[in-house]
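The data block below is upload25.txt; it holds compact mmCIF, C-alpha atoms.
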```txt
# COMPACT_ATOMS: atom_id res chain seq x y z
CA MET A 1 4.89 24.25 -6.75
CA VAL A 2 1.74 22.18 -6.40
CA THR A 3 0.96 21.06 -2.86
CA ARG A 4 0.45 17.34 -2.55
CA THR A 5 -2.95 16.30 -1.22
CA ARG A 6 -2.61 14.23 1.96
CA PHE A 7 -5.00 11.45 2.94
CA ASP A 8 -3.60 10.47 6.35
CA ASP A 9 -6.85 11.58 8.03
CA SER A 10 -9.15 9.88 5.53
CA GLU A 11 -11.72 7.34 6.70
CA CYS A 12 -10.80 5.19 3.67
CA PRO A 13 -8.04 2.59 4.20
CA VAL A 14 -7.21 2.66 0.47
CA ALA A 15 -6.63 6.42 0.56
CA ARG A 16 -4.41 6.16 3.65
CA SER A 17 -2.44 3.32 2.06
CA VAL A 18 -1.93 5.23 -1.18
CA ASP A 19 -0.85 8.22 0.90
CA ALA A 20 1.87 6.09 2.52
CA ILE A 21 3.08 4.08 -0.47
CA GLY A 22 1.19 5.26 -3.53
CA ASP A 23 3.84 6.46 -5.94
CA TRP A 24 5.46 4.06 -8.38
CA TRP A 25 9.01 4.59 -7.11
CA SER A 26 8.01 3.60 -3.58
CA LEU A 27 6.28 0.44 -4.76
CA LEU A 28 9.25 -0.50 -6.93
CA ILE A 29 11.62 0.09 -4.01
CA VAL A 30 9.49 -2.25 -1.89
CA ARG A 31 9.46 -4.78 -4.74
CA ASP A 32 13.26 -4.63 -4.93
CA ALA A 33 13.53 -5.01 -1.16
CA PHE A 34 11.50 -8.23 -1.44
CA ASP A 35 13.90 -9.31 -4.19
CA GLY A 36 16.88 -8.79 -1.89
CA SER A 37 18.07 -5.24 -2.52
CA ARG A 38 19.35 -3.60 0.66
CA ARG A 39 21.75 -0.81 -0.24
CA PHE A 40 21.16 2.56 -1.84
CA GLY A 41 23.36 1.66 -4.81
CA GLU A 42 21.48 -1.59 -5.42
CA PHE A 43 18.14 0.24 -5.55
CA GLN A 44 19.63 2.95 -7.75
CA ARG A 45 21.13 0.48 -10.25
CA SER A 46 17.97 -1.64 -10.41
CA LEU A 47 15.56 1.26 -10.83
CA GLY A 48 17.65 3.82 -12.70
CA VAL A 49 16.00 6.50 -10.55
CA ALA A 50 17.70 9.82 -9.82
CA LYS A 51 19.58 9.81 -6.52
CA ASN A 52 17.58 12.73 -5.09
CA ILE A 53 14.28 10.96 -5.82
CA LEU A 54 15.55 7.69 -4.37
CA THR A 55 16.79 9.48 -1.26
CA ALA A 56 13.41 11.14 -0.75
CA ARG A 57 11.46 7.91 -1.26
CA LEU A 58 13.72 5.92 1.07
CA ARG A 59 13.32 8.62 3.75
CA THR A 60 9.54 8.49 3.36
CA LEU A 61 9.47 4.69 3.55
CA VAL A 62 11.64 4.74 6.67
CA ALA A 63 9.54 7.50 8.27
CA GLY A 64 6.39 5.52 7.46
CA GLY A 65 7.74 2.38 9.10
CA VAL A 66 7.88 0.36 5.85
CA LEU A 67 11.68 0.15 5.76
CA GLU A 68 14.27 0.43 8.50
CA SER A 69 17.76 1.82 8.00
CA VAL A 70 20.27 -0.46 9.72
CA PRO A 71 24.08 -0.75 9.81
CA ALA A 72 25.46 -2.67 6.85
CA SER A 73 25.58 -6.42 7.40
CA ASP A 74 29.24 -6.55 6.30
CA GLY A 75 30.35 -4.18 9.07
CA SER A 76 31.18 -1.35 6.66
CA ALA A 77 30.17 2.27 7.27
CA TYR A 78 27.26 1.94 4.84
CA ARG A 79 23.59 1.70 5.79
CA GLU A 80 21.14 -0.88 4.50
CA TYR A 81 17.38 -0.76 4.15
CA VAL A 82 15.37 -3.72 5.36
CA LEU A 83 11.65 -4.35 5.35
CA THR A 84 9.93 -3.97 8.69
CA PRO A 85 6.96 -6.19 9.61
CA LYS A 86 4.75 -3.39 8.23
CA GLY A 87 6.76 -3.50 4.99
CA LYS A 88 6.63 -7.29 4.78
CA ALA A 89 2.84 -7.05 5.09
CA LEU A 90 2.90 -5.41 1.64
CA PHE A 91 3.84 -8.75 0.07
CA PRO A 92 0.27 -9.61 -1.02
CA VAL A 93 -0.05 -6.13 -2.58
CA ILE A 94 3.12 -6.64 -4.63
CA VAL A 95 2.00 -10.16 -5.63
CA ALA A 96 -1.43 -8.83 -6.65
CA LEU A 97 0.13 -6.09 -8.79
CA ARG A 98 2.53 -8.60 -10.35
CA GLN A 99 -0.27 -11.04 -11.20
CA TRP A 100 -2.51 -8.27 -12.52
CA GLY A 101 0.35 -7.03 -14.71
CA GLU A 102 1.07 -10.53 -16.02
CA GLN A 103 -2.58 -11.00 -16.93
CA HIS A 104 -3.20 -7.62 -18.55
CA PHE A 105 0.08 -6.29 -19.92
CA PHE A 106 1.89 -9.25 -21.46
CA ALA A 107 1.04 -11.33 -24.51
CA SER A 108 0.75 -15.04 -23.69
CA ASP A 109 4.04 -15.78 -25.48
CA GLU A 110 5.89 -12.70 -24.21
CA PRO A 111 8.71 -13.43 -21.76
CA HIS A 112 8.61 -11.84 -18.31
CA SER A 113 9.84 -12.51 -14.83
CA GLU A 114 7.91 -14.95 -12.67
CA LEU A 115 7.49 -15.24 -8.93
CA VAL A 116 7.88 -18.85 -7.85
CA ASP A 117 7.60 -20.80 -4.63
CA ARG A 118 11.21 -21.23 -3.50
CA ARG A 119 10.59 -24.70 -2.03
CA ALA A 120 8.41 -26.18 -4.79
CA GLY A 121 9.86 -24.23 -7.72
CA GLN A 122 6.37 -23.59 -9.09
CA ARG A 123 4.49 -20.41 -9.99
CA LEU A 124 2.14 -19.08 -7.37
CA ARG A 125 -1.57 -19.66 -7.63
CA ALA A 126 -3.56 -16.52 -8.48
CA LEU A 127 -4.56 -14.49 -5.44
CA GLU A 128 -8.24 -14.59 -4.61
CA VAL A 129 -10.47 -12.57 -2.35
CA LEU A 130 -12.32 -14.95 -0.06
CA SER A 131 -15.24 -14.50 2.31
CA ALA A 132 -14.95 -15.49 5.95
CA ASP A 133 -16.46 -18.87 5.03
CA GLY A 134 -14.06 -19.43 2.11
CA ARG A 135 -16.25 -18.43 -0.87
CA ARG A 136 -14.50 -16.61 -3.73
CA LEU A 137 -15.75 -13.03 -3.93
CA ASP A 138 -16.01 -10.63 -6.85
CA PRO A 139 -16.61 -6.86 -6.63
CA ASP A 140 -20.38 -7.34 -6.93
CA ASP A 141 -20.28 -9.56 -3.84
CA THR A 142 -18.91 -6.83 -1.56
CA THR A 143 -19.91 -3.47 -0.14
CA VAL A 144 -18.11 -0.86 1.93
CA GLN A 145 -19.50 -0.20 5.38
CA LYS A 146 -18.34 2.51 7.73
CA THR A 147 -17.31 1.26 11.15
CA VAL A 148 -18.76 2.87 14.22
CA GLN A 149 -16.21 4.29 16.63
CA LYS A 150 -16.53 2.63 19.99
CA VAL A 151 -16.68 5.01 22.91
CA ALA A 152 -14.98 3.86 26.08
CA THR A 153 -17.33 3.69 29.05
CA GLN A 154 -16.22 4.05 32.61
```

Translate the structure of the given file into structure tokens.
Amino acid sequence: MVTRTRFDDSECPVARSVDAIGDWWSLLIVRDAFDGSRRFGEFQRSLGVAKNILTARLRTLVAGGVLESVPASDGSAYREYVLTPKGKALFPVIVALRQWGEQHFFASDEPHSELVDRRAGQRLRALEVLSADGRRLDPDDTTVQKTVQKVATQ
């Protein structure tokens, strides 16, 4: 069996994020949680994923603090999975993937699901990366800088 490479000690935030949530099943579980799925069976029906894979991904998402396993809201013996604040912070990531997919993987006349503003009933504006002063940034406008670890002085 091939050992999975871990990135939890990496200096790169992208590598650490992918380490925590980088496989497609995990991202689709998070997507479904945003869409209202809460129970194992709901995730399983929506995704069509094998139960053992779903179980493993749910365990990983709970262990990583993305989902929390809570008693079922109807008082039954079942458990439900709800997004934690850390999980809810993935919303812009899911929106960005959705918008990227709409732009690059669908013909203009091809039907697909849309994410809309619940209050206004309108599609969301495309996400943009903005500078601190509000300018729209492209990849050529940015660079990666390593932060310097601050040493506590006494």

remark   = note - CA of Val82 (chain A) and CA of Gly41 (chain A) are separated by 14.0 Å

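Straight-line separation from CA of Trp25 (chain A) to CA of Ile53 (chain A): 8.4 Å.
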
Surrounding residues of region 16-22 of chain A excluding itself and chain neighbours under 5 positions, 7 Å, all atoms listed in the file, as an mmCIF file with C-alpha atoms, in the frame of the given file:
```
data_model
loop_
_atom_site.group_PDB
_atom_site.id
_atom_site.type_symbol
_atom_site.label_atom_id
_atom_site.label_comp_id
_atom_site.auth_asym_id
_atom_site.auth_seq_id
_atom_site.Cartn_x
_atom_site.Cartn_y
_atom_site.Cartn_z
ATOM 1 C CA ARG A 6 -2.610 14.230 1.960
ATOM 2 C CA PHE A 7 -5.000 11.450 2.940
ATOM 3 C CA ASP A 8 -3.600 10.470 6.350
ATOM 4 C CA SER A 10 -9.150 9.880 5.530
ATOM 5 C CA LEU A 27 6.280 0.440 -4.760
ATOM 6 C CA GLY A 64 6.390 5.520 7.460
#
```

Using all atoms listed in the file, what table do you get, as a Markdown table, when you list each residue of region 17-52 of chain A with an atom no more than 12 Å from region 111-128 of chain A, its nearest pair of atoms, and their distance in Å rounded to one decimal, rows by chain then rising number?
```
| residue | atom | partner | partner_atom | distance |
| --- | --- | --- | --- | --- |
| A:Arg31 | CA | A:Leu115 | CA | 11.4 |
| A:Phe34 | CA | A:Leu115 | CA | 11.0 |
| A:Asp35 | CA | A:Leu115 | CA | 9.9 |
```

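Nearest residue to Leu47 (chain A) among A:Leu28, A:Ala15, A:Ala33, A:Ala63 is A:Leu28, counting all atoms listed in the file.
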
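The spacing separating CA of Gly36 (chain A) from CA of Phe106 (chain A) amounts to 24.7 Å.
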
Taking every listed atom of region 37-51 of chain A and adding 3 Å to each side, what centre and edge lengths in Å (one decimal) does the axis-aligned box have, as lines of an AutoDock Vina configuration file?
```
center_x = 19.5
center_y = 2.3
center_z = -6.0
size_x = 13.8
size_y = 21.1
size_z = 19.4
```

request  = Could you check which of A:Ser108, A:Arg39, A:Ser46, A:Asp23 is closest to Glu80 (chain A), using all atoms listed in the file?
outcome  =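 Of all the options, A:Arg39 lies closest to Glu80 (chain A).
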
inquiry  = I'd like the contact shell of Phe40 (chain A) - 10 Å cut-off, all atoms listed in the file, skipping same-chain residues fewer than 4 positions apart - returned as a ChimeraX atom specification.
reply    = /A:44-45,51,54-55,58,78-81
